[in-house]
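Data from final28.tsv: TSV, C-alpha atoms and all ligand atoms
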```
chain	number	residue	atom	x	y	z
A	1	MET	CA	15.84	-92.83	53.13
A	2	GLY	CA	18.62	-94.45	51.17
A	3	SER	CA	22.03	-94.43	52.73
A	4	SER	CA	24.54	-92.11	51.15
A	5	THR	CA	26.95	-94.99	50.73
A	6	GLY	CA	25.15	-97.04	48.15
A	7	LYS	CA	21.99	-98.91	47.27
A	8	PRO	CA	19.11	-98.61	49.77
A	9	GLN	CA	18.51	-101.68	51.95
A	10	PRO	CA	15.14	-103.48	51.47
A	11	ARG	CA	13.45	-101.70	54.39
A	12	GLN	CA	14.84	-98.36	53.34
A	13	GLN	CA	13.69	-99.12	49.81
A	14	GLU	CA	10.19	-99.82	51.11
A	15	GLU	CA	10.10	-96.52	53.05
A	16	ARG	CA	11.43	-94.72	50.02
A	17	ASP	CA	8.79	-96.24	47.78
A	18	GLN	CA	6.10	-94.97	50.14
A	19	GLU	CA	7.57	-91.50	50.27
A	20	PHE	CA	7.72	-91.30	46.50
A	21	ALA	CA	4.45	-93.18	45.97
A	22	GLN	CA	2.90	-90.43	43.87
A	23	ILE	CA	5.90	-90.24	41.57
A	24	VAL	CA	5.43	-92.74	38.79
A	25	GLY	CA	8.31	-93.99	36.66
A	26	THR	CA	11.40	-96.11	36.95
A	27	SER	CA	13.64	-94.71	34.22
A	28	ALA	CA	17.28	-94.23	35.15
A	29	ALA	CA	16.83	-90.48	34.65
A	30	LEU	CA	13.95	-90.29	37.15
A	31	GLU	CA	15.76	-92.57	39.60
A	32	SER	CA	18.72	-90.25	39.63
A	33	VAL	CA	16.41	-87.26	40.30
A	34	LEU	CA	14.91	-89.15	43.25
A	35	ALA	CA	18.38	-89.99	44.54
A	36	GLU	CA	19.16	-86.26	44.51
A	37	VAL	CA	15.91	-85.59	46.38
A	38	GLU	CA	16.90	-88.10	49.06
A	39	ARG	CA	20.33	-86.60	49.33
A	40	VAL	CA	19.25	-82.99	49.76
A	41	ALA	CA	15.91	-83.34	51.58
A	42	PRO	CA	17.25	-83.83	55.12
A	43	THR	CA	19.78	-81.00	54.85
A	44	GLY	CA	17.38	-78.05	54.94
A	45	SER	CA	19.35	-76.40	52.13
A	46	THR	CA	17.73	-74.30	49.43
A	47	VAL	CA	16.89	-76.32	46.31
A	48	LEU	CA	16.42	-75.05	42.77
A	49	ILE	CA	14.34	-77.39	40.59
A	50	LEU	CA	14.83	-76.95	36.86
A	51	GLY	CA	12.74	-78.45	34.11
A	52	GLU	CA	10.31	-77.81	31.31
A	53	THR	CA	6.68	-77.19	32.06
A	54	GLY	CA	4.80	-80.26	33.25
A	55	THR	CA	7.88	-82.34	34.10
A	56	GLY	CA	6.84	-82.68	37.74
A	57	LYS	CA	8.71	-79.85	39.46
A	58	GLU	CA	5.97	-79.31	42.01
A	59	LEU	CA	5.74	-83.03	42.70
A	60	ILE	CA	9.47	-83.10	43.39
A	61	ALA	CA	9.22	-80.02	45.62
A	62	ARG	CA	6.55	-81.78	47.69
A	63	ALA	CA	8.70	-84.92	47.83
A	64	ILE	CA	11.61	-82.87	49.20
A	65	HIS	CA	9.31	-81.51	51.90
A	66	ASN	CA	7.83	-84.93	52.68
A	67	VAL	CA	11.20	-86.61	53.00
A	68	SER	CA	12.61	-83.79	55.14
A	69	THR	CA	12.30	-83.31	58.89
A	70	ARG	CA	9.82	-80.54	58.11
A	71	CYS	CA	7.23	-83.07	56.98
A	72	GLY	CA	4.10	-82.43	59.04
A	73	CYS	CA	4.80	-78.68	59.05
A	74	PRO	CA	3.30	-76.40	56.40
A	75	PHE	CA	4.10	-76.77	52.72
A	76	VAL	CA	3.16	-73.46	51.11
A	77	LYS	CA	3.22	-72.79	47.41
A	78	LEU	CA	3.34	-69.51	45.50
A	79	ASN	CA	3.47	-69.23	41.74
A	80	CYS	CA	5.38	-66.02	41.04
A	81	ALA	CA	4.03	-65.89	37.48
A	82	ALA	CA	0.41	-66.09	38.59
A	83	ILE	CA	0.29	-63.03	40.84
A	84	PRO	CA	0.11	-59.50	39.44
A	85	PHE	CA	3.26	-57.50	40.13
A	86	ASP	CA	1.53	-55.08	42.52
A	87	LEU	CA	0.26	-57.87	44.75
A	88	LEU	CA	3.30	-60.14	44.76
A	89	GLU	CA	5.20	-58.32	47.50
A	90	SER	CA	2.21	-58.43	49.80
A	91	GLU	CA	1.60	-62.11	48.94
A	92	LEU	CA	5.15	-62.96	49.94
A	93	PHE	CA	5.61	-60.79	52.99
A	94	GLY	CA	2.07	-59.80	54.05
A	95	HIS	CA	0.86	-56.32	54.84
A	96	GLU	CA	-0.57	-54.21	57.66
A	97	ARG	CA	-3.95	-52.58	57.48
A	98	GLY	CA	-3.74	-49.37	55.44
A	99	ALA	CA	-0.34	-50.27	53.93
A	100	PHE	CA	-1.76	-49.40	50.50
A	101	THR	CA	-5.09	-48.51	48.97
A	102	GLY	CA	-7.34	-51.50	49.42
A	103	ALA	CA	-5.41	-52.98	52.36
A	104	VAL	CA	-8.46	-52.96	54.61
A	105	ALA	CA	-7.12	-55.61	56.99
A	106	HIS	CA	-3.73	-56.98	57.85
A	107	ARG	CA	-2.65	-60.03	55.92
A	108	VAL	CA	-0.14	-62.75	56.61
A	109	GLY	CA	2.26	-63.46	53.75
A	110	ARG	CA	3.47	-66.81	52.41
A	111	PHE	CA	6.75	-66.65	54.29
A	112	GLU	CA	4.92	-66.41	57.61
A	113	MET	CA	2.48	-69.15	56.58
A	114	ALA	CA	5.41	-71.42	55.76
A	115	ASP	CA	7.16	-70.84	59.10
A	116	THR	CA	8.79	-74.09	60.33
A	117	GLY	CA	7.96	-75.69	56.97
A	118	THR	CA	8.79	-75.28	53.30
A	119	LEU	CA	7.97	-72.46	50.90
A	120	PHE	CA	7.81	-73.54	47.25
A	121	LEU	CA	8.30	-70.59	44.92
A	122	ASP	CA	7.28	-71.77	41.46
A	123	GLU	CA	8.33	-69.84	38.33
A	124	ILE	CA	11.02	-68.00	40.30
A	125	GLY	CA	12.37	-66.64	36.99
A	126	ASP	CA	9.26	-64.46	36.86
A	127	LEU	CA	10.04	-62.72	40.15
A	128	PRO	CA	10.36	-59.02	39.30
A	129	LEU	CA	13.84	-57.53	39.69
A	130	ALA	CA	12.48	-55.01	42.19
A	131	LEU	CA	11.51	-57.78	44.61
A	132	GLN	CA	14.67	-59.83	44.28
A	133	PRO	CA	16.73	-57.99	46.97
A	134	LYS	CA	13.93	-58.55	49.47
A	135	LEU	CA	13.84	-62.25	48.72
A	136	LEU	CA	17.62	-62.44	49.01
A	137	ARG	CA	17.47	-60.86	52.43
A	138	VAL	CA	14.83	-63.21	53.74
A	139	ILE	CA	16.74	-66.25	52.44
A	140	GLN	CA	19.99	-65.07	53.99
A	141	GLU	CA	18.74	-63.64	57.24
A	142	GLN	CA	15.39	-65.37	57.70
A	143	GLU	CA	13.78	-62.06	58.57
A	144	PHE	CA	11.50	-59.55	56.89
A	145	GLU	CA	8.91	-56.85	57.55
A	146	ARG	CA	5.31	-56.85	56.44
A	147	LEU	CA	4.38	-54.01	54.08
A	148	GLY	CA	3.47	-50.94	56.08
A	149	SER	CA	5.17	-52.17	59.25
A	150	GLY	CA	8.57	-51.55	60.79
A	151	ARG	CA	8.39	-54.70	62.90
A	152	THR	CA	10.85	-57.40	61.89
A	153	HIS	CA	9.56	-60.97	61.79
A	154	ARG	CA	11.95	-63.85	62.23
A	155	ILE	CA	11.04	-67.08	60.54
A	156	ASN	CA	12.44	-70.54	59.90
A	157	VAL	CA	11.56	-71.48	56.32
A	158	ARG	CA	13.18	-73.85	53.88
A	159	LEU	CA	13.02	-72.51	50.35
A	160	VAL	CA	12.49	-74.65	47.30
A	161	ALA	CA	12.29	-72.73	44.02
A	162	ALA	CA	11.54	-73.91	40.50
A	163	THR	CA	11.73	-72.54	37.02
A	164	HIS	CA	11.53	-73.60	33.40
A	165	ARG	CA	13.78	-70.67	32.47
A	166	ASP	CA	17.55	-70.59	32.10
A	167	LEU	CA	18.39	-68.39	35.08
A	168	SER	CA	22.09	-68.17	34.22
A	169	GLN	CA	21.14	-66.67	30.85
A	170	MET	CA	18.76	-64.29	32.61
A	171	VAL	CA	21.64	-63.24	34.88
A	172	ALA	CA	23.82	-62.63	31.81
A	173	ARG	CA	21.04	-60.42	30.36
A	174	ASN	CA	20.66	-58.56	33.69
A	175	GLU	CA	17.12	-59.88	34.04
A	176	PHE	CA	17.89	-61.76	37.24
A	177	ARG	CA	20.21	-60.73	40.08
A	178	SER	CA	23.36	-62.81	40.21
A	179	ASP	CA	23.54	-62.76	44.03
A	180	LEU	CA	20.04	-64.19	44.28
A	181	TYR	CA	20.80	-66.75	41.58
A	182	TYR	CA	23.84	-68.06	43.44
A	183	ARG	CA	21.86	-68.17	46.69
A	184	LEU	CA	19.08	-70.18	45.02
A	185	ASN	CA	21.38	-72.41	43.05
A	186	VAL	CA	22.83	-74.12	46.13
A	187	PHE	CA	21.51	-77.51	45.07
A	188	PRO	CA	20.03	-77.62	41.56
A	189	ILE	CA	17.94	-80.62	40.52
A	190	SER	CA	17.15	-80.94	36.82
A	191	ILE	CA	14.15	-82.97	35.79
A	192	PRO	CA	14.62	-84.24	32.24
A	193	PRO	CA	11.75	-83.77	29.79
A	194	LEU	CA	9.59	-86.82	29.19
A	195	ARG	CA	10.99	-87.31	25.68
A	196	GLN	CA	14.36	-88.00	27.31
A	197	ARG	CA	12.94	-90.66	29.62
A	198	ARG	CA	10.60	-92.53	27.37
A	199	ASP	CA	10.93	-95.59	29.59
A	200	ASP	CA	8.50	-93.87	31.99
A	201	ILE	CA	5.74	-93.40	29.41
A	202	ARG	CA	4.16	-96.84	29.64
A	203	GLU	CA	3.98	-96.77	33.43
A	204	LEU	CA	2.58	-93.24	33.44
A	205	VAL	CA	-0.08	-94.21	30.89
A	206	MET	CA	-1.15	-97.19	33.00
A	207	HIS	CA	-1.18	-95.03	36.14
A	208	PHE	CA	-3.36	-92.32	34.59
A	209	VAL	CA	-5.66	-94.88	32.92
A	210	ASP	CA	-6.23	-96.28	36.39
A	211	VAL	CA	-6.82	-92.84	37.93
A	212	PHE	CA	-9.24	-91.61	35.26
A	213	SER	CA	-11.13	-94.84	34.71
A	214	ARG	CA	-11.84	-95.00	38.45
A	215	ARG	CA	-12.83	-91.34	38.53
A	216	MET	CA	-15.19	-91.75	35.56
A	217	GLY	CA	-16.44	-95.16	36.63
A	218	LYS	CA	-15.29	-96.72	33.35
A	219	ARG	CA	-13.62	-100.05	32.75
A	220	ILE	CA	-10.58	-99.92	30.51
A	221	GLU	CA	-9.50	-103.47	29.85
A	222	GLU	CA	-7.06	-102.96	27.05
A	223	VAL	CA	-4.44	-100.41	26.13
A	224	PRO	CA	-3.53	-101.46	22.57
A	225	GLN	CA	0.08	-101.65	21.51
A	226	SER	CA	-0.70	-99.16	18.73
A	227	THR	CA	-1.78	-96.56	21.31
A	228	LEU	CA	1.36	-97.19	23.37
A	229	ASN	CA	3.49	-96.97	20.24
A	230	ALA	CA	1.93	-93.63	19.32
A	231	PHE	CA	2.65	-92.35	22.84
A	232	ALA	CA	6.19	-93.69	22.72
A	233	ALA	CA	6.90	-91.84	19.49
A	234	TYR	CA	5.37	-88.52	20.50
A	235	ASP	CA	7.61	-85.67	21.64
A	236	TRP	CA	5.53	-84.53	24.67
A	237	PRO	CA	6.20	-80.77	24.59
A	238	GLY	CA	3.88	-80.44	27.61
A	239	ASN	CA	5.55	-83.41	29.34
A	240	VAL	CA	3.71	-85.44	32.01
A	241	ARG	CA	0.90	-82.90	32.33
A	242	GLU	CA	0.18	-83.30	28.62
A	243	LEU	CA	0.30	-87.07	28.88
A	244	GLN	CA	-2.09	-86.94	31.83
A	245	ASN	CA	-4.52	-84.78	29.85
A	246	LEU	CA	-4.31	-86.98	26.78
A	247	VAL	CA	-4.96	-90.14	28.77
A	248	GLU	CA	-7.98	-88.40	30.32
A	249	ARG	CA	-9.17	-87.55	26.80
A	250	ALA	CA	-8.68	-91.16	25.70
A	251	VAL	CA	-10.56	-92.54	28.70
A	252	ILE	CA	-13.47	-90.18	27.94
A	253	ARG	CA	-13.49	-91.33	24.31
A	254	SER	CA	-13.28	-95.03	25.07
A	255	ASP	CA	-16.63	-96.79	24.93
A	256	ASP	CA	-15.61	-100.39	24.34
A	257	GLY	CA	-13.09	-100.96	27.13
A	258	VAL	CA	-10.24	-100.20	24.76
A	259	LEU	CA	-8.09	-97.08	25.12
A	260	PRO	CA	-8.03	-95.28	21.75
A	261	ASN	CA	-5.05	-93.27	20.54
A	262	PRO	CA	-6.07	-89.73	21.57
A	263	LEU	CA	-3.37	-87.97	19.56
A	264	SER	CA	-4.81	-86.04	16.64
A	265	PRO	CA	-2.82	-85.95	13.38
A	266	ALA	CA	-2.07	-82.28	14.10
A	267	GLU	CA	-0.63	-83.14	17.49
A	268	VAL	CA	1.41	-85.93	16.02
A	269	ALA	CA	2.76	-83.59	13.35
A	270	MET	CA	3.57	-80.83	15.81
A	271	GLY	CA	4.98	-82.84	18.62
A	272	SER	CA	6.26	-86.09	17.29
A	273	ALA	CA	9.72	-87.35	17.91
A	274	PRO	CA	11.68	-88.28	14.81
A	275	LYS	CA	9.63	-91.21	13.65
A	276	LEU	CA	12.64	-93.45	14.04
A	277	GLY	CA	11.55	-93.56	17.68
A	278	ALA	CA	8.35	-95.27	16.67
A	279	ILE	CA	10.14	-97.57	14.33
A	280	GLU	CA	12.50	-98.53	17.11
A	281	VAL	CA	9.53	-99.36	19.28
A	282	SER	CA	8.20	-101.61	16.56
A	283	ARG	CA	11.60	-103.17	16.02
A	284	ARG	CA	12.04	-103.92	19.66
A	285	ARG	CA	8.75	-105.70	19.73
A	286	THR	CA	9.06	-107.45	16.41
A	287	LYS	CA	10.70	-110.84	15.96
A	288	PRO	CA	14.18	-110.62	14.43
A	289	GLY	CA	13.93	-110.47	10.68
A	290	ALA	CA	10.25	-109.49	10.66
A	291	LEU	CA	9.31	-106.09	9.27
A	292	PRO	CA	7.90	-103.49	11.64
A	293	ASP	CA	4.18	-102.87	11.41
A	294	ARG	CA	3.58	-100.75	8.29
A	295	ALA	CA	1.31	-98.47	10.28
A	296	TYR	CA	4.39	-97.03	11.97
A	297	LEU	CA	6.38	-96.43	8.83
A	298	ASP	CA	5.81	-92.90	7.59
A	299	SER	CA	6.30	-91.85	4.03
A	300	LEU	CA	9.17	-89.49	3.26
A	301	GLU	CA	6.59	-86.78	2.56
A	302	ASP	CA	5.04	-87.24	6.00
A	303	ILE	CA	8.42	-86.87	7.64
A	304	GLN	CA	9.22	-83.78	5.55
A	305	ARG	CA	5.83	-82.27	6.40
A	306	GLN	CA	6.26	-82.91	10.12
A	307	HIS	CA	9.78	-81.53	10.17
A	308	ILE	CA	8.88	-78.39	8.21
A	309	LEU	CA	5.89	-77.77	10.47
A	310	ARG	CA	8.08	-78.11	13.53
A	311	VAL	CA	10.62	-75.63	12.16
A	312	LEU	CA	7.84	-73.21	11.15
A	313	ASP	CA	6.42	-73.47	14.63
A	314	ARG	CA	9.81	-72.50	16.07
A	315	THR	CA	10.22	-69.52	13.70
A	316	GLY	CA	6.63	-68.33	14.13
A	317	TRP	CA	6.06	-69.14	10.42
A	318	LEU	CA	8.88	-66.83	9.34
A	319	ILE	CA	10.23	-68.28	6.11
A	320	SER	CA	12.95	-65.95	4.85
A	321	GLY	CA	15.76	-64.05	6.55
A	322	PRO	CA	18.52	-65.29	8.82
A	323	ASN	CA	16.05	-66.50	11.45
A	324	GLY	CA	13.58	-67.93	8.97
A	325	ALA	CA	12.72	-71.55	8.33
A	326	GLY	CA	14.59	-71.47	4.98
A	327	ALA	CA	17.86	-70.62	6.75
A	328	ILE	CA	17.33	-73.34	9.37
A	329	LEU	CA	16.47	-75.94	6.75
A	330	ASN	CA	19.30	-74.69	4.55
A	331	ILE	CA	17.11	-74.20	1.47
A	332	HIS	CA	16.12	-71.08	-0.44
A	333	PRO	CA	12.88	-69.54	0.89
A	334	ASN	CA	11.27	-69.88	-2.54
A	335	THR	CA	12.18	-73.57	-2.66
A	336	LEU	CA	10.68	-73.96	0.79
A	337	ARG	CA	7.49	-72.17	-0.30
A	338	SER	CA	7.02	-74.50	-3.25
A	339	LEU	CA	7.77	-77.51	-1.07
A	340	MET	CA	5.16	-76.28	1.41
A	341	ASP	CA	2.67	-75.90	-1.45
A	342	ARG	CA	3.39	-79.41	-2.62
A	343	LEU	CA	2.99	-80.81	0.89
A	344	GLY	CA	-0.16	-78.76	1.51
A	345	ILE	CA	1.33	-76.72	4.36
A	346	ARG	CA	-0.38	-73.40	4.85
A	347	ASN	CA	-0.46	-71.03	7.78
A	348	ASN	CA	-4.16	-70.74	8.28
A	349	THR	CA	-6.80	-72.74	10.02
A	350	SER	CA	-8.08	-74.10	6.75
A	351	HIS	CA	-4.80	-75.73	5.68
A	352	SER	CA	-5.41	-79.24	4.67
A	353	SER	CA	-2.02	-80.81	5.19
A	354	LEU	CA	-3.04	-82.44	8.39
A	355	ASN	CA	-6.64	-83.17	7.55
A	356	SER	CA	-7.50	-81.32	10.68
A	357	ALA	CA	-9.65	-78.32	11.46
A	358	GLN	CA	-6.99	-77.19	13.93
A	359	SER	CA	-4.02	-75.10	12.84
A	360	PRO	CA	-0.64	-76.37	13.95
A	361	CYS	CA	-0.21	-73.27	16.08
A	362	HIS	CA	-3.47	-73.96	17.84
A	363	ALA	CA	-2.55	-77.56	18.22
A	364	ARG	CA	0.65	-76.54	19.98
A	365	SER	CA	-0.98	-74.00	22.21
A	366	GLY	CA	-3.56	-76.60	23.14
A	367	ASN	CA	-0.72	-78.67	24.50
A	368	ALA	CA	1.05	-75.85	26.17
A	369	LYS	CA	0.79	-74.96	29.79
A	370	ARG	CA	-2.67	-73.90	30.82
A	371	THR	CA	-2.91	-70.28	31.83
A	372	ARG	CA	-2.47	-70.14	35.53
A	373	SER	CA	-5.01	-68.31	37.53
A	374	GLU	CA	-4.31	-66.51	40.74
A	375	SER	CA	-6.01	-69.31	42.59
A	376	ASP	CA	-3.18	-71.61	41.52
A	377	ALA	CA	-1.06	-69.86	44.07
A	378	CYS	CA	-2.46	-72.10	46.73
A	379	THR	CA	-1.54	-72.99	50.20
A	380	GLU	CA	-1.72	-76.32	51.89
B	1	LIG	N1	6.49	-88.77	37.64
B	1	LIG	C1	5.19	-88.42	37.77
B	1	LIG	N2	4.32	-89.32	38.24
B	1	LIG	C2	3.00	-89.03	38.36
B	1	LIG	N3	2.48	-87.84	38.05
B	1	LIG	C3	3.32	-86.90	37.58
B	1	LIG	C4	4.72	-87.13	37.43
B	1	LIG	N4	5.30	-86.02	36.96
B	1	LIG	C5	4.32	-85.11	36.83
B	1	LIG	N5	3.13	-85.63	37.21
B	1	LIG	C6	1.83	-84.96	37.18
B	1	LIG	O1	1.85	-84.08	36.06
B	1	LIG	C7	1.23	-82.84	36.40
B	1	LIG	C8	2.23	-81.72	36.23
B	1	LIG	O2	3.24	-81.85	37.23
B	1	LIG	P1	3.80	-80.58	38.03
B	1	LIG	O3	2.72	-79.56	38.25
B	1	LIG	O4	4.55	-81.08	39.21
B	1	LIG	O5	4.79	-80.05	36.89
B	1	LIG	P2	5.61	-78.70	36.87
B	1	LIG	O6	6.93	-79.03	36.27
B	1	LIG	O7	5.62	-78.09	38.25
B	1	LIG	O8	4.76	-77.82	35.88
B	1	LIG	P3	4.82	-76.21	35.68
B	1	LIG	O9	6.23	-75.87	35.31
B	1	LIG	O10	3.87	-75.99	34.57
B	1	LIG	O11	4.40	-75.60	36.98
B	1	LIG	C9	0.73	-82.98	37.82
B	1	LIG	O12	-0.62	-83.37	37.79
B	1	LIG	C10	1.59	-84.07	38.41
B	1	LIG	O13	0.94	-84.77	39.43
```
I need this file expressed as structure tokens, please.
Amino acid sequence: MGSSTGKPQPRQQEERDQEFAQIVGTSAALESVLAEVERVAPTGSTVLILGETGTGKELIARAIHNVSTRCGCPFVKLNCAAIPFDLLESELFGHERGAFTGAVAHRVGRFEMADTGTLFLDEIGDLPLALQPKLLRVIQEQEFERLGSGRTHRINVRLVAATHRDLSQMVARNEFRSDLYYRLNVFPISIPPLRQRRDDIRELVMHFVDVFSRRMGKRIEEVPQSTLNAFAAYDWPGNVRELQNLVERAVIRSDDGVLPNPLSPAEVAMGSAPKLGAIEVSRRRTKPGALPDRAYLDSLEDIQRQHILRVLDRTGWLISGPNGAGAILNIHPNTLRSLMDRLGIRNNTSHSSLNSAQSPCHARSGNAKRTRSESDACTE
């Protein structure tokens, strides 16, 4: 653990590195997240982890548990979005036999399973309003009753919750109870999206190349600069999970020891950062005065096409009206339509703008979070 007074000493640094061994990356943004983890872990306080899908919220929750005095006790996870409403209460608090139709035996809930340890409630923003007072009570009083029982159970559980939603906005819309929000928001930790910590990309790529090449028994001897440049310029809407999946795809595709660029043109168009990012990468690696590699210089049309596709993706392909792409791009809808025609942008799977069989919408949903099954709500 680092001291609270400044930089960790070498031994502390070594211990810290071991504790965070699974967390790859050395960007300043990630380092400051880890410093927050170190600060809060030993306190036992409730932590709220905020971040887009795939940024590593669960990894951070586990790190908080591992660095805390509860390490060695249970770490129990429940994904509130993965459990049907009717079953969620029983999952959390357990039930007695006969508590409801189908309750043929008594069942221990996640709070009891996590006793003395940590309960990680993922997607807390999806917790139904009806269950929120019960959760508030158990956080405040550390006691609850199983469904169908009047017996009160006392427990000692540290709660770590996570969400990709803006809970304060949900509170403003009366979709989330303010008292529960304040109780959860004791110590918020925000994990920045990968596009805001591009310094981590290279290390993550190397890490996952290592993981997948070992797993598949393949030798990857070279990760070309062009592949790294493509990764560095991409926007990563699915964050580290998406990067992990794309590296896996690239390792599967590699048959000559070289890691190919796994990003399809559709993915690049849908999720690319402003291409200046790529140019900057080239510039940084190019001798002063030399021109960046032409391969990374997009034509104006390419940039227009990518930007229009991104805006259309946001508006659900709505072109006119105050929420349409025309209004966002500040051009008349008819002008936008003719521009789309000229650039070959069409909203169907056969559009040819990207030379791809995949529609942009499909490309995006391919990157998006995989549907979680009930089995994701696992226990360790
Ligand atoms: N810094 C990192 N180093 C190594 N692996 C990482 C890192 N961040 C995330 N991952 C990996 O990326 C995947 C997604 O991470 P995780 O499940 O923790 O994200 P999440 O934010 O909880 O996602 P979701 O919101 O969809 O539940 C996991 O396989 C995790 O191990």
Closest of A:Ala266, A:Val209, A:Leu88, A:Ala250 to ligand LIG 1 (chain B) - atom-to-atom distances counting all atoms listed in the file: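 Result for the nearest residue to ligand LIG 1 (chain B): A:Val209.
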Neighbours of ligand LIG 1 (chain B) within 9 Å, counting all atoms listed in the file, as a VMD selection string? chain A and resid 21 to 26 30 49 to 62 79 122 to 123 162 to 164 191 194 200 203 to 204 207 to 208 238 to 245 368 to 370 372
Ranking A:Val108, A:Val160, A:Ala81, A:Met113 by minimum distance to A:Gly44 and counting only C-alpha atoms, which one comes first?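 Using only C-alpha atoms, the shortest distance to A:Gly44 belongs to A:Val160.
Counting from atom CA of A:Asn330, the distance to atom CA of A:Asp235 is 23.4 Å.
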I'd like the box whose edges run along x, y and z of the file and which contains every listed atom of stretch 172-180 of chain A, padded by 4 Å per side; could you state its centre and edge lengths in Å, one decimal, as AutoDock Vina command-line options?
```
--center_x 20.5 --center_y -61.4 --center_z 37.3 --size_x 14.7 --size_y 13.6 --size_z 21.9
```
Computed interatomic separation between atom CA of A:Leu129 and atom CA of A:Gly94 (Å):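 Interatomic distance here is 18.7 Å.
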What's the separation between atom CA of A:Phe75 and atom CA of A:Ala114, in Å to one decimal place?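 About the pair atom CA of A:Phe75 and atom CA of A:Ala114: they are 6.3 Å apart.
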Using only C-alpha atoms, which of A:Val247, A:His95, A:Gly257, A:Glu89 sits nearest A:Gly150?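 Using only C-alpha atoms, A:Gly150 sits closest to A:His95.
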Could you check the closest approach to A:Tyr182 for each of A:Gln196, A:Thr227, A:Cys71, A:Ile139 and tell me which residue wins, using only C-alpha atoms?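 Smallest distance to A:Tyr182 is found for A:Ile139.
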Quick one: residues within 8 Å of A:Ile64, all atoms listed in the file, excluding same-chain residues fewer than 2 positions away - as a short mmCIF file (atom, residue, chain, number, x, y, z; two decimals) with C-alpha atoms, in the coordinates of the input?
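Result file follows (part_1.cif):
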```cif
data_model
loop_
_atom_site.label_atom_id
_atom_site.label_comp_id
_atom_site.auth_asym_id
_atom_site.auth_seq_id
_atom_site.Cartn_x
_atom_site.Cartn_y
_atom_site.Cartn_z
CA VAL A 37 15.91 -85.59 46.38
CA GLU A 38 16.90 -88.10 49.06
CA VAL A 40 19.25 -82.99 49.76
CA ALA A 41 15.91 -83.34 51.58
CA ILE A 60 9.47 -83.10 43.39
CA ALA A 61 9.22 -80.02 45.62
CA ARG A 62 6.55 -81.78 47.69
CA ASN A 66 7.83 -84.93 52.68
CA VAL A 67 11.20 -86.61 53.00
CA SER A 68 12.61 -83.79 55.14
#
```
Which polymer residues have any atom within 12 Å of an atom of A:Leu131, counting all atoms listed in the file, with same-chain residues fewer than 4 positions away left out, as a PyMOL selection string? chain A and resi 80+85-93+124-127+135-138+176-177+180
